[in-house]
file start-v4.pdb (PDB, C-alpha atoms, pLDDT in the B column)
MODEL        1
ATOM      1  CA  MET A   1     -17.318  10.943   4.369  1.00 43.00           C
ATOM      2  CA  SER A   2     -19.389  13.559   6.159  1.00 44.00           C
ATOM      3  CA  ASP A   3     -17.966  16.693   7.751  1.00 45.00           C
ATOM      4  CA  ALA A   4     -19.219  15.370  11.112  1.00 45.00           C
ATOM      5  CA  ALA A   5     -16.443  12.739  10.947  1.00 50.00           C
ATOM      6  CA  ILE A   6     -13.740  15.431  10.954  1.00 45.00           C
ATOM      7  CA  PRO A   7     -12.216  15.764  14.431  1.00 46.00           C
ATOM      8  CA  GLU A   8     -12.257  19.261  15.883  1.00 48.00           C
ATOM      9  CA  GLY A   9      -8.996  21.093  15.166  1.00 47.00           C
ATOM     10  CA  ALA A  10      -7.976  18.690  12.376  1.00 48.00           C
ATOM     11  CA  VAL A  11      -6.061  20.201   9.491  1.00 62.00           C
ATOM     12  CA  CYS A  12      -7.473  17.765   6.949  1.00 77.00           C
ATOM     13  CA  LYS A  13     -10.122  15.088   6.671  1.00 87.00           C
ATOM     14  CA  PRO A  14      -8.987  11.779   8.167  1.00 91.00           C
ATOM     15  CA  ASN A  15      -7.559   9.309   5.657  1.00 93.00           C
ATOM     16  CA  ILE A  16      -7.663   6.291   7.997  1.00 94.00           C
ATOM     17  CA  SER A  17     -10.538   4.327   9.443  1.00 94.00           C
ATOM     18  CA  PHE A  18     -11.269   3.466  13.054  1.00 95.00           C
ATOM     19  CA  ALA A  19      -9.751   0.023  12.460  1.00 95.00           C
ATOM     20  CA  GLY A  20      -6.644   1.669  11.008  1.00 95.00           C
ATOM     21  CA  ARG A  21      -6.286   3.953  14.007  1.00 96.00           C
ATOM     22  CA  LYS A  22      -6.671   0.962  16.316  1.00 97.00           C
ATOM     23  CA  ARG A  23      -3.931  -0.920  14.433  1.00 96.00           C
ATOM     24  CA  ARG A  24      -1.564   2.086  14.550  1.00 97.00           C
ATOM     25  CA  ARG A  25      -2.242   2.630  18.264  1.00 97.00           C
ATOM     26  CA  ARG A  26      -1.287  -0.999  18.911  1.00 98.00           C
ATOM     27  CA  ILE A  27       1.933  -0.586  16.899  1.00 97.00           C
ATOM     28  CA  SER A  28       2.753   2.567  18.847  1.00 98.00           C
ATOM     29  CA  ILE A  29       2.294   0.825  22.193  1.00 98.00           C
ATOM     30  CA  VAL A  30       4.323  -2.223  21.165  1.00 98.00           C
ATOM     31  CA  MET A  31       7.181  -0.086  19.820  1.00 97.00           C
ATOM     32  CA  GLY A  32       7.115   2.023  22.985  1.00 97.00           C
ATOM     33  CA  VAL A  33       7.426  -1.092  25.146  1.00 98.00           C
ATOM     34  CA  VAL A  34      10.214  -2.413  22.895  1.00 97.00           C
ATOM     35  CA  SER A  35      12.033   0.922  23.247  1.00 97.00           C
ATOM     36  CA  VAL A  36      11.847   0.898  27.038  1.00 97.00           C
ATOM     37  CA  GLY A  37      12.972  -2.728  27.138  1.00 97.00           C
ATOM     38  CA  LEU A  38      15.920  -2.054  24.832  1.00 96.00           C
ATOM     39  CA  LEU A  39      16.970   0.951  26.871  1.00 95.00           C
ATOM     40  CA  ALA A  40      16.746  -0.979  30.138  1.00 94.00           C
ATOM     41  CA  ALA A  41      18.799  -3.840  28.683  1.00 95.00           C
ATOM     42  CA  ALA A  42      21.352  -1.447  27.176  1.00 94.00           C
ATOM     43  CA  VAL A  43      21.852   0.371  30.482  1.00 92.00           C
ATOM     44  CA  PHE A  44      21.955  -2.865  32.484  1.00 92.00           C
ATOM     45  CA  PHE A  45      24.557  -4.457  30.209  1.00 93.00           C
ATOM     46  CA  GLY A  46      26.611  -1.282  29.944  1.00 92.00           C
ATOM     47  CA  VAL A  47      26.212  -0.811  26.201  1.00 93.00           C
ATOM     48  CA  ARG A  48      28.280   2.098  24.887  1.00 94.00           C
ATOM     49  CA  TRP A  49      26.483   5.436  24.526  1.00 93.00           C
ATOM     50  CA  GLU A  50      27.026   5.461  20.748  1.00 94.00           C
ATOM     51  CA  VAL A  51      25.063   2.244  20.377  1.00 95.00           C
ATOM     52  CA  ARG A  52      22.340   3.491  22.736  1.00 95.00           C
ATOM     53  CA  LEU A  53      21.666   6.267  20.222  1.00 96.00           C
ATOM     54  CA  LEU A  54      19.918   3.588  18.161  1.00 96.00           C
ATOM     55  CA  ILE A  55      17.128   3.520  20.772  1.00 96.00           C
ATOM     56  CA  GLY A  56      15.830   6.583  18.944  1.00 97.00           C
ATOM     57  CA  LEU A  57      14.729   4.447  15.979  1.00 97.00           C
ATOM     58  CA  PRO A  58      12.008   2.387  17.701  1.00 97.00           C
ATOM     59  CA  VAL A  59      10.975   5.512  19.621  1.00 98.00           C
ATOM     60  CA  MET A  60      10.612   7.343  16.312  1.00 98.00           C
ATOM     61  CA  MET A  61       8.523   4.470  14.921  1.00 97.00           C
ATOM     62  CA  ALA A  62       6.310   4.531  18.025  1.00 98.00           C
ATOM     63  CA  ALA A  63       5.939   8.302  17.769  1.00 98.00           C
ATOM     64  CA  ILE A  64       5.038   8.246  14.079  1.00 98.00           C
ATOM     65  CA  SER A  65       2.423   5.529  14.659  1.00 97.00           C
ATOM     66  CA  GLY A  66       0.973   7.415  17.614  1.00 97.00           C
ATOM     67  CA  LEU A  67       0.934  10.713  15.755  1.00 97.00           C
ATOM     68  CA  GLN A  68      -0.913   9.089  12.867  1.00 97.00           C
ATOM     69  CA  VAL A  69      -3.617   8.108  15.347  1.00 96.00           C
ATOM     70  CA  THR A  70      -3.907  11.521  16.986  1.00 95.00           C
ATOM     71  CA  ARG A  71      -3.789  13.394  13.678  1.00 95.00           C
ATOM     72  CA  ASN A  72      -6.051  10.908  11.852  1.00 93.00           C
ATOM     73  CA  THR A  73      -3.642  10.746   8.949  1.00 95.00           C
ATOM     74  CA  CYS A  74      -1.687   7.774   7.648  1.00 94.00           C
ATOM     75  CA  VAL A  75       1.565   8.922   6.078  1.00 95.00           C
ATOM     76  CA  ALA A  76       1.546   6.074   3.536  1.00 95.00           C
ATOM     77  CA  HIS A  77      -2.017   6.841   2.458  1.00 95.00           C
ATOM     78  CA  ALA A  78      -1.178  10.532   2.311  1.00 95.00           C
ATOM     79  CA  ALA A  79       1.688   9.782  -0.076  1.00 95.00           C
ATOM     80  CA  ALA A  80      -0.547   7.573  -2.216  1.00 95.00           C
ATOM     81  CA  GLY A  81      -3.505   9.961  -2.091  1.00 95.00           C
ATOM     82  CA  THR A  82      -5.846   7.297  -0.747  1.00 95.00           C
ATOM     83  CA  PHE A  83      -8.395   6.768   2.026  1.00 94.00           C
ATOM     84  CA  GLU A  84      -8.368   3.570   4.117  1.00 94.00           C
ATOM     85  CA  HIS A  85     -11.701   1.876   4.821  1.00 94.00           C
ATOM     86  CA  GLU A  86     -12.659  -0.342   7.780  1.00 95.00           C
ATOM     87  CA  ASP A  87     -11.727  -3.485   5.802  1.00 95.00           C
ATOM     88  CA  PHE A  88      -8.324  -1.864   5.005  1.00 93.00           C
ATOM     89  CA  SER A  89      -9.215  -1.449   1.338  1.00 95.00           C
ATOM     90  CA  THR A  90      -8.395   1.955  -0.136  1.00 95.00           C
ATOM     91  CA  THR A  91      -9.891   4.409  -2.573  1.00 94.00           C
ATOM     92  CA  LYS A  92      -8.357   7.434  -4.255  1.00 96.00           C
ATOM     93  CA  VAL A  93      -9.256  10.870  -2.904  1.00 94.00           C
ATOM     94  CA  ASP A  94      -9.404  14.112  -4.829  1.00 92.00           C
ATOM     95  CA  ALA A  95      -6.257  16.188  -5.278  1.00 92.00           C
ATOM     96  CA  ALA A  96      -7.163  18.813  -2.660  1.00 91.00           C
ATOM     97  CA  LEU A  97      -7.705  16.204   0.068  1.00 92.00           C
ATOM     98  CA  ALA A  98      -4.516  14.377  -0.933  1.00 93.00           C
ATOM     99  CA  ALA A  99      -2.517  17.621  -0.722  1.00 93.00           C
ATOM    100  CA  ALA A 100      -3.946  18.395   2.726  1.00 93.00           C
ATOM    101  CA  SER A 101      -3.104  14.867   3.913  1.00 94.00           C
ATOM    102  CA  ARG A 102       0.462  15.190   2.627  1.00 95.00           C
ATOM    103  CA  LYS A 103       0.832  18.447   4.547  1.00 95.00           C
ATOM    104  CA  VAL A 104      -0.236  16.748   7.788  1.00 95.00           C
ATOM    105  CA  ALA A 105       1.984  13.737   6.980  1.00 96.00           C
ATOM    106  CA  ARG A 106       5.019  16.025   6.758  1.00 96.00           C
ATOM    107  CA  THR A 107       4.318  17.302  10.275  1.00 96.00           C
ATOM    108  CA  ILE A 108       3.958  13.717  11.494  1.00 97.00           C
ATOM    109  CA  TYR A 109       7.360  12.793  10.044  1.00 97.00           C
ATOM    110  CA  ARG A 110       8.958  15.963  11.400  1.00 97.00           C
ATOM    111  CA  ASP A 111       7.601  15.492  14.905  1.00 98.00           C
ATOM    112  CA  GLY A 112       8.368  11.761  14.914  1.00 98.00           C
ATOM    113  CA  VAL A 113      11.983  12.400  13.930  1.00 98.00           C
ATOM    114  CA  LEU A 114      12.332  15.079  16.617  1.00 98.00           C
ATOM    115  CA  ILE A 115      10.892  12.775  19.276  1.00 98.00           C
ATOM    116  CA  GLY A 116      13.204   9.959  18.152  1.00 98.00           C
ATOM    117  CA  ALA A 117      16.229  12.276  18.199  1.00 98.00           C
ATOM    118  CA  ALA A 118      15.377  13.493  21.696  1.00 97.00           C
ATOM    119  CA  ALA A 119      14.992   9.895  22.898  1.00 97.00           C
ATOM    120  CA  ALA A 120      18.338   8.970  21.315  1.00 96.00           C
ATOM    121  CA  ILE A 121      20.097  11.812  23.108  1.00 96.00           C
ATOM    122  CA  VAL A 122      18.477  10.986  26.436  1.00 95.00           C
ATOM    123  CA  SER A 123      19.308   7.282  26.084  1.00 95.00           C
ATOM    124  CA  ALA A 124      22.945   8.131  25.287  1.00 94.00           C
ATOM    125  CA  LEU A 125      23.188  10.378  28.347  1.00 94.00           C
ATOM    126  CA  ILE A 126      21.866   7.825  30.826  1.00 91.00           C
ATOM    127  CA  PRO A 127      24.850   6.365  32.692  1.00 83.00           C
ATOM    128  CA  ALA A 128      25.422   2.623  32.696  1.00 64.00           C
ATOM    129  CA  ILE A 129      24.773   0.767  35.941  1.00 60.00           C
TER     130      ILE A 129
ENDMDL
END

call {"tool": "encode", "arguments": {"input": "start-v4.pdb", "output": "structure tokens"}}
result
Amino acid sequence: MSDAAIPEGAVCKPNISFAGRKRRRRISIVMGVVSVGLLAAAVFFGVRWEVRLLIGLPVMMAAISGLQVTRNTCVAHAAAGTFEHEDFSTTKVDAALAAASRKVARTIYRDGVLIGAAAAIVSALIPAI
């Protein structure tokens, strides 16, 4: 992969292809829509606030998928030390690139969990109709 393929401001070289980013973007959108739908149904049906905390899980999944797209790093490929090609096949990367990908993957997990936690708190605080 050439250095021209590295997005400006990226911490490491991307480990996912354009097709992989497209797939993760789609997952992020679907999980976001599912989250909004679950929250709307939970509020409409007067689901207890403790149960509404679970809304944070699909939000976290949507956030992690979206962050993988924006940071050009798949957390699974970072853990495995691989690069994903357009046909979704993978190849091993050298140790330095794998370490850099794992570093970015940790920030993706951290930020995804924080976004999910914030969504869980907000969903629990919304009063039932």

call {"tool": "closest_residue", "arguments": {"input": "start-v4.pdb", "among": "A:Gly20, A:Pro14, A:Gly37, A:Gly116", "to": "A:Ile64", "atoms": "only C-alpha atoms"}}
result
A:Gly116

call {"tool": "resolve_selection", "arguments": {"input": "start-v4.pdb", "expression": "the PyMOL selection byres ((chain A and resi 106) around 12)", "output": "list of chain:residue names"}}
result
A:Ile64, A:Leu67, A:Gln68, A:Arg71, A:Thr73, A:Cys74, A:Val75, A:Ala76, A:Ala78, A:Ala79, A:Ala99, A:Ala100, A:Ser101, A:Arg102, A:Lys103, A:Val104, A:Ala105, A:Thr107, A:Ile108, A:Tyr109, A:Arg110, A:Asp111, A:Gly112, A:Val113

call {"tool": "atom_distance", "arguments": {"input": "start-v4.pdb", "atom1": "atom CA of A:Gly46", "atom2": "atom CA of A:Val122"}}
result
15.1 Å

call {"tool": "atom_distance", "arguments": {"input": "start-v4.pdb", "atom1": "atom CA of A:Gly66", "atom2": "atom CA of A:Thr91"}}
result
23.1 Å

call {"tool": "resolve_selection", "arguments": {"input": "start-v4.pdb", "expression": "the PyMOL selection byres ((chain A and resi 92) around 10)", "output": "PyMOL selection string"}}
result
chain A and resi 77+80-84+90-91+93-95+97-98

call {"tool": "resolve_selection", "arguments": {"input": "start-v4.pdb", "expression": "the PyMOL selection byres ((chain A and resi 18) around 10)", "output": "list of chain:residue names"}}
result
A:Pro14, A:Ile16, A:Ser17, A:Ala19, A:Gly20, A:Arg21, A:Lys22, A:Arg23, A:Arg24, A:Val69, A:Asn72, A:Glu84, A:His85, A:Glu86

call {"tool": "atom_distance", "arguments": {"input": "start-v4.pdb", "atom1": "atom CA of A:Ala117", "atom2": "atom CA of A:Cys12"}}
result
26.8 Å

call {"tool": "closest_residue", "arguments": {"input": "start-v4.pdb", "among": "A:Ser89, A:Leu57, A:Leu39, A:Ala62", "to": "A:Ser123", "atoms": "all atoms listed in the file"}}
result
A:Leu39

call {"tool": "residues_around", "arguments": {"input": "start-v4.pdb", "residues": "A:Val43", "least_positions_apart": "4", "cutoff": "9 Å", "atoms": "all atoms listed in the file", "output": "PyMOL selection string"}}
result
chain A and resi 38-39+47-48+52+123+126-129

call {"tool": "axis_aligned_box", "arguments": {"input": "start-v4.pdb", "around": "stretch 74-82 of chain A", "padding_each_side": "5 Å", "output": "lines of an AutoDock Vina configuration file"}}
result
center_x = -2.1
center_y = 8.3
center_z = 2.7
size_x = 17.5
size_y = 14.5
size_z = 19.9

call {"tool": "closest_residue", "arguments": {"input": "start-v4.pdb", "among": "A:Leu114, A:Met61, A:Phe88, A:Ala96", "to": "A:Val34", "atoms": "all atoms listed in the file"}}
result
A:Met61

call {"tool": "closest_residue", "arguments": {"input": "start-v4.pdb", "among": "A:Leu125, A:Ala40, A:Ala63, A:Leu53", "to": "A:Ser28", "atoms": "all atoms listed in the file"}}
result
A:Ala63

call {"tool": "build_atoms", "arguments": {"input": "start-v4.pdb", "residues": "stretch 58-74 of chain A", "atoms": "N, CA and C atoms", "output": "mmCIF file, in the frame of the given file"}}
result
data_model
loop_
_atom_site.group_PDB
_atom_site.id
_atom_site.type_symbol
_atom_site.label_atom_id
_atom_site.label_comp_id
_atom_site.auth_asym_id
_atom_site.auth_seq_id
_atom_site.Cartn_x
_atom_site.Cartn_y
_atom_site.Cartn_z
ATOM 1 N N PRO A 58 13.338 2.897 17.333
ATOM 2 C CA PRO A 58 12.008 2.387 17.701
ATOM 3 C C PRO A 58 11.135 3.456 18.362
ATOM 4 N N VAL A 59 11.754 4.407 19.046
ATOM 5 C CA VAL A 59 10.975 5.512 19.621
ATOM 6 C C VAL A 59 10.353 6.334 18.497
ATOM 7 N N MET A 60 11.137 6.591 17.450
ATOM 8 C CA MET A 60 10.612 7.343 16.312
ATOM 9 C C MET A 60 9.461 6.584 15.655
ATOM 10 N N MET A 61 9.597 5.271 15.514
ATOM 11 C CA MET A 61 8.523 4.470 14.921
ATOM 12 C C MET A 61 7.263 4.523 15.792
ATOM 13 N N ALA A 62 7.452 4.445 17.112
ATOM 14 C CA ALA A 62 6.310 4.531 18.025
ATOM 15 C C ALA A 62 5.650 5.900 17.921
ATOM 16 N N ALA A 63 6.474 6.936 17.850
ATOM 17 C CA ALA A 63 5.939 8.302 17.769
ATOM 18 C C ALA A 63 5.170 8.513 16.470
ATOM 19 N N ILE A 64 5.719 8.060 15.364
ATOM 20 C CA ILE A 64 5.038 8.246 14.079
ATOM 21 C C ILE A 64 3.709 7.499 14.079
ATOM 22 N N SER A 65 3.687 6.276 14.591
ATOM 23 C CA SER A 65 2.423 5.529 14.659
ATOM 24 C C SER A 65 1.415 6.234 15.553
ATOM 25 N N GLY A 66 1.872 6.704 16.705
ATOM 26 C CA GLY A 66 0.973 7.415 17.614
ATOM 27 C C GLY A 66 0.477 8.727 17.044
ATOM 28 N N LEU A 67 1.345 9.440 16.360
ATOM 29 C CA LEU A 67 0.934 10.713 15.755
ATOM 30 C C LEU A 67 -0.056 10.501 14.615
ATOM 31 N N GLN A 68 0.064 9.390 13.909
ATOM 32 C CA GLN A 68 -0.913 9.089 12.867
ATOM 33 C C GLN A 68 -2.297 8.919 13.476
ATOM 34 N N VAL A 69 -2.339 8.312 14.666
ATOM 35 C CA VAL A 69 -3.617 8.108 15.347
ATOM 36 C C VAL A 69 -4.193 9.451 15.781
ATOM 37 N N THR A 70 -3.382 10.269 16.451
ATOM 38 C CA THR A 70 -3.907 11.521 16.986
ATOM 39 C C THR A 70 -4.228 12.536 15.896
ATOM 40 N N ARG A 71 -3.540 12.446 14.770
ATOM 41 C CA ARG A 71 -3.789 13.394 13.678
ATOM 42 C C ARG A 71 -4.650 12.794 12.573
ATOM 43 N N ASN A 72 -5.134 11.564 12.785
ATOM 44 C CA ASN A 72 -6.051 10.908 11.852
ATOM 45 C C ASN A 72 -5.536 10.865 10.419
ATOM 46 N N THR A 73 -4.239 10.737 10.275
ATOM 47 C CA THR A 73 -3.642 10.746 8.949
ATOM 48 C C THR A 73 -2.562 9.682 8.863
ATOM 49 N N CYS A 74 -2.707 8.772 7.911
ATOM 50 C CA CYS A 74 -1.687 7.774 7.648
ATOM 51 C C CYS A 74 -0.708 8.359 6.641
#
